[in-house]
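**Q** Supplied in structure tokens, the structure appears directly below.
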Amino acid sequence: MDQPKMERILRLMKMLTANSNLKVEDIARRMGISPRTVYRYIDTFRMAGFVIKKDDDVIRLDTSSKYFKDISDLVHFSEEEAFILKSAIESIDENNLLKQNLKKKLCTVYNYKILADTIVHPKDAGNVKRLVDAISQRKQVILHDYASAHGSTVRNRKVEVFGFTTNYIQIWCYEPESESIKLFKVARIGRVEILGDDWQFESEHKTGFLDIFRMHSAEVTCIRLKLNLRAANLLVEEYPLAAKDLKTIDTEHYLLETRVCSYLGIGRFVLGLMDDIEIVSPRDFKAYIKQQLKLSLKKISASKSSKKL
């Protein structure tokens with residue numbers, strides 16, 4: 001069987017087990033195939049031993065089929081095993097890319113309700129599950145009581161969620177209101193409500209560039225920093241993905257060459273380690289750091305003056 005056909009079958013299997021209310025015509029349209037082809041694949045599932053359920057015009061694969069049960073038994077964890085797994089995963093740094101990949105692989109083969117407590121923060125587990133369901137069903141959602149860090153506001157946001165960043169920390173969304181791609185932090189969402197409305201802007205669903213400091217923008221700037229051993233170690237500990245952009249100069253010094261979306265993230269890091277970092281380029285970033293230092297000194301002077309009064 002050729003790979004594209006296999007991918008279509010697996011995608012159809014996922015759609016037929018997602019508990020959505022999609023009709024055969026809807027499935028055919030989303031997959032870019034004819035309804036007749038969908039029915040042919042469904043017949044293949046039936047002949048292979050899967051149980052097919054039909055409710056009006058909605059067809060589903062019954063997950064109680066023995067094949068699904070066999071898969072579930074293969075990856076079943078006892079309470080003790082789940083506890084050990086949770087401890088092992090949580091011992092990995094929160095921003096480690098390996099942790100992200102492990103979580104995603106577990107989610108593809110195991111019951112999410114059981115894994116939720118293991119792979120995401122308990123308070124966010126319900127929201128993450130609904131976000132995963134919304135992506136699978138291609139439904140719009142409302143992020144209730146989202147606390148924005150930039151505007152210091154709390155309000156509802158209607159979006160189309162289409163992806164996660166490292167370890168499900170943030171979600172990639174298209175926001176119809178602003179007509180733009182945005183990143184929202186899962187921890188700042190009060191509650192996720194899945195709407196009955198299908199995606200309307202799927203052609204706009206394009207993940208942007210996310211730099212090692214977790215900043216997102218359509219524009220990027222190349223940065224070169226010279227770090228001593230202490231700064232390099234702290235950088236990798238706080239931002240593990242920076243390791244791929246670090247080059248050794250000698251046993252005590254490293255060169256960071258990376259692209260950033262904003263001076264905000266990298267600026268905070270540099271300002272905290274001024275004695276350990278030399279800015280090589282660009283000049284604009286040097287000017288930014290000088291400006292931030294001036295603002296900090298101004299605030300300190302103002303604070304001392306108010307105390308004297």
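By order of appearance in the structure tokens: chains A, B, ..., then residues from 1 within every chain, and ligands from 1 in the order shown.
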Applying 9 Å and only C-alpha atoms, which residues near A:Gly208 remain after dropping the ones on its own chain fewer than 3 positions away? List them as a count of residues only.
**A** 6
**Q** Would you list the contacts of A:Glu160 as a PyMOL selection string, taking every protein, DNA or RNA residue within 8 Å and counting only C-alpha atoms, but skipping same-chain residues closer than 4 positions in sequence?
**A** chain A and resi 138-141+173-175+199+201
**Q** Pick from A:Asp245, A:Glu257, A:Glu177, A:Asp124: nearest to A:Val192, with only C-alpha atoms counted?
**A** A:Asp124
**Q** Please list as a ChimeraX atom specification every residue within 12 Å of stretch 232-234 of chain A, counting only C-alpha atoms and excluding residues in the same chain fewer than 2 positions away.
**A** /A:225-230,236-240,242-249,251-256,269-270,272-273,276-278
**Q** Take the residues just selected and output them with N, CA and C atoms as an mmCIF file, in the first residue's frame.
**A**
data_model
loop_
_atom_site.group_PDB
_atom_site.id
_atom_site.type_symbol
_atom_site.label_atom_id
_atom_site.label_comp_id
_atom_site.auth_asym_id
_atom_site.auth_seq_id
_atom_site.Cartn_x
_atom_site.Cartn_y
_atom_site.Cartn_z
ATOM 1 N N LEU A 225 25.996 36.555 20.519
ATOM 2 C CA LEU A 225 26.465 36.881 21.863
ATOM 3 C C LEU A 225 27.659 36.006 22.227
ATOM 4 N N LYS A 226 28.597 36.592 22.964
ATOM 5 C CA LYS A 226 29.709 35.823 23.515
ATOM 6 C C LYS A 226 29.430 35.603 24.997
ATOM 7 N N LEU A 227 29.351 34.352 25.422
ATOM 8 C CA LEU A 227 29.003 34.021 26.799
ATOM 9 C C LEU A 227 30.154 33.297 27.494
ATOM 10 N N ASN A 228 30.316 33.555 28.792
ATOM 11 C CA ASN A 228 31.271 32.747 29.534
ATOM 12 C C ASN A 228 30.583 31.449 29.948
ATOM 13 N N LEU A 229 31.295 30.577 30.615
ATOM 14 C CA LEU A 229 30.772 29.248 30.947
ATOM 15 C C LEU A 229 29.519 29.343 31.821
ATOM 16 N N ARG A 230 29.551 30.256 32.774
ATOM 17 C CA ARG A 230 28.401 30.412 33.679
ATOM 18 C C ARG A 230 27.147 30.815 32.906
ATOM 19 N N VAL A 236 21.256 27.340 28.824
ATOM 20 C CA VAL A 236 20.750 26.021 28.440
ATOM 21 C C VAL A 236 19.793 25.470 29.497
ATOM 22 N N GLU A 237 20.062 25.759 30.774
ATOM 23 C CA GLU A 237 19.176 25.295 31.844
ATOM 24 C C GLU A 237 17.799 25.935 31.738
ATOM 25 N N GLU A 238 17.769 27.236 31.438
ATOM 26 C CA GLU A 238 16.494 27.957 31.369
ATOM 27 C C GLU A 238 15.810 27.811 30.014
ATOM 28 N N TYR A 239 16.621 27.746 28.949
ATOM 29 C CA TYR A 239 16.086 27.628 27.589
ATOM 30 C C TYR A 239 16.816 26.491 26.871
ATOM 31 N N PRO A 240 16.416 25.235 27.095
ATOM 32 C CA PRO A 240 17.142 24.071 26.558
ATOM 33 C C PRO A 240 17.360 24.073 25.050
ATOM 34 N N ALA A 242 18.284 26.348 23.287
ATOM 35 C CA ALA A 242 19.421 27.203 22.920
ATOM 36 C C ALA A 242 20.672 26.375 22.646
ATOM 37 N N ALA A 243 20.724 25.156 23.147
ATOM 38 C CA ALA A 243 21.924 24.318 22.990
ATOM 39 C C ALA A 243 22.306 24.128 21.525
ATOM 40 N N LYS A 244 21.307 24.055 20.652
ATOM 41 C CA LYS A 244 21.602 23.826 19.230
ATOM 42 C C LYS A 244 22.241 25.042 18.563
ATOM 43 N N ASP A 245 22.119 26.226 19.186
ATOM 44 C CA ASP A 245 22.672 27.449 18.603
ATOM 45 C C ASP A 245 23.956 27.905 19.287
ATOM 46 N N LEU A 246 24.469 27.098 20.214
ATOM 47 C CA LEU A 246 25.703 27.431 20.936
ATOM 48 C C LEU A 246 26.912 26.752 20.292
ATOM 49 N N LYS A 247 27.973 27.518 20.107
ATOM 50 C CA LYS A 247 29.220 26.970 19.580
ATOM 51 C C LYS A 247 30.347 27.251 20.561
ATOM 52 N N THR A 248 31.219 26.285 20.737
ATOM 53 C CA THR A 248 32.332 26.436 21.671
ATOM 54 C C THR A 248 33.448 27.279 21.055
ATOM 55 N N ILE A 249 33.879 28.307 21.796
ATOM 56 C CA ILE A 249 35.033 29.116 21.374
ATOM 57 C C ILE A 249 36.292 28.526 21.991
ATOM 58 N N THR A 251 37.431 26.559 26.240
ATOM 59 C CA THR A 251 36.863 25.870 27.406
ATOM 60 C C THR A 251 36.052 26.791 28.310
ATOM 61 N N GLU A 252 36.234 28.098 28.173
ATOM 62 C CA GLU A 252 35.547 29.046 29.057
ATOM 63 C C GLU A 252 34.563 29.957 28.342
ATOM 64 N N HIS A 253 34.493 29.897 27.020
ATOM 65 C CA HIS A 253 33.648 30.836 26.288
ATOM 66 C C HIS A 253 32.866 30.152 25.160
ATOM 67 N N TYR A 254 31.675 30.709 24.914
ATOM 68 C CA TYR A 254 30.777 30.155 23.894
ATOM 69 C C TYR A 254 30.177 31.283 23.061
ATOM 70 N N LEU A 255 29.823 30.942 21.827
ATOM 71 C CA LEU A 255 29.190 31.912 20.943
ATOM 72 C C LEU A 255 27.759 31.465 20.673
ATOM 73 N N LEU A 256 26.804 32.345 20.947
ATOM 74 C CA LEU A 256 25.404 32.073 20.655
ATOM 75 C C LEU A 256 25.027 32.816 19.372
ATOM 76 N N PHE A 269 17.282 38.126 29.575
ATOM 77 C CA PHE A 269 18.368 37.216 29.937
ATOM 78 C C PHE A 269 19.700 37.961 30.024
ATOM 79 N N VAL A 270 19.980 38.796 29.037
ATOM 80 C CA VAL A 270 21.245 39.534 29.004
ATOM 81 C C VAL A 270 21.341 40.516 30.171
ATOM 82 N N GLY A 272 20.175 40.297 33.052
ATOM 83 C CA GLY A 272 20.426 39.606 34.312
ATOM 84 C C GLY A 272 21.842 39.078 34.438
ATOM 85 N N LEU A 273 22.618 39.107 33.343
ATOM 86 C CA LEU A 273 23.979 38.561 33.358
ATOM 87 C C LEU A 273 24.947 39.480 32.609
ATOM 88 N N ASP A 276 28.604 38.680 32.379
ATOM 89 C CA ASP A 276 28.969 37.379 31.817
ATOM 90 C C ASP A 276 28.731 37.287 30.307
ATOM 91 N N ILE A 277 28.185 38.365 29.723
ATOM 92 C CA ILE A 277 27.802 38.319 28.306
ATOM 93 C C ILE A 277 28.323 39.537 27.555
ATOM 94 N N GLU A 278 28.854 39.291 26.366
ATOM 95 C CA GLU A 278 29.280 40.376 25.476
ATOM 96 C C GLU A 278 28.407 40.347 24.223
#
**Q** Just to confirm, what's the straight-line distance from atom CA of A:Leu235 to atom CA of A:Gly267 in Å (one decimal)?
**A**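 Separation between atom CA of A:Leu235 and atom CA of A:Gly267: 12.5 Å.
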**Q** So, counting only C-alpha atoms, which residue among A:Tyr168, A:Tyr263, A:Phe213, A:Phe50 is closest to A:Lys129?
**A**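 Using only C-alpha atoms, A:Lys129 sits closest to A:Tyr168.
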**Q** Can you measure atom CA of A:Leu210 to atom CA of A:Ile142 for me? One decimal in Å is fine.
**A**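 Taking atom CA of A:Leu210 and atom CA of A:Ile142, their separation equals 23.6 Å.
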**Q** Could you tell me which of A:Ile135, A:Leu295, A:Leu241, A:Val58 comes closest to A:Asn21 if we count only C-alpha atoms?
**A**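 Once distances to A:Asn21 are computed over only C-alpha atoms, the minimum belongs to A:Val58.
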**Q** For each of A:Thr153, A:Ser303, A:Asn127, A:Gln200, take the minimum atom-to-atom distance to A:Ile171, counting only C-alpha atoms, then give the residue where this is smallest.
**A**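 Among A:Thr153, A:Ser303, A:Asn127, A:Gln200, it is A:Asn127 that comes nearest to A:Ile171.
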**Q** Between atom CA of A:Val280 and atom CA of A:Leu264, what is the spacing in Å?
**A**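 Those two atoms sit 17.4 Å apart.
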**Q** Give me, as a count of residues only, the residues of stretch 167-225 of chain A that a backbone DSSP run labels helix (DSSP H, G or I).
**A** 8
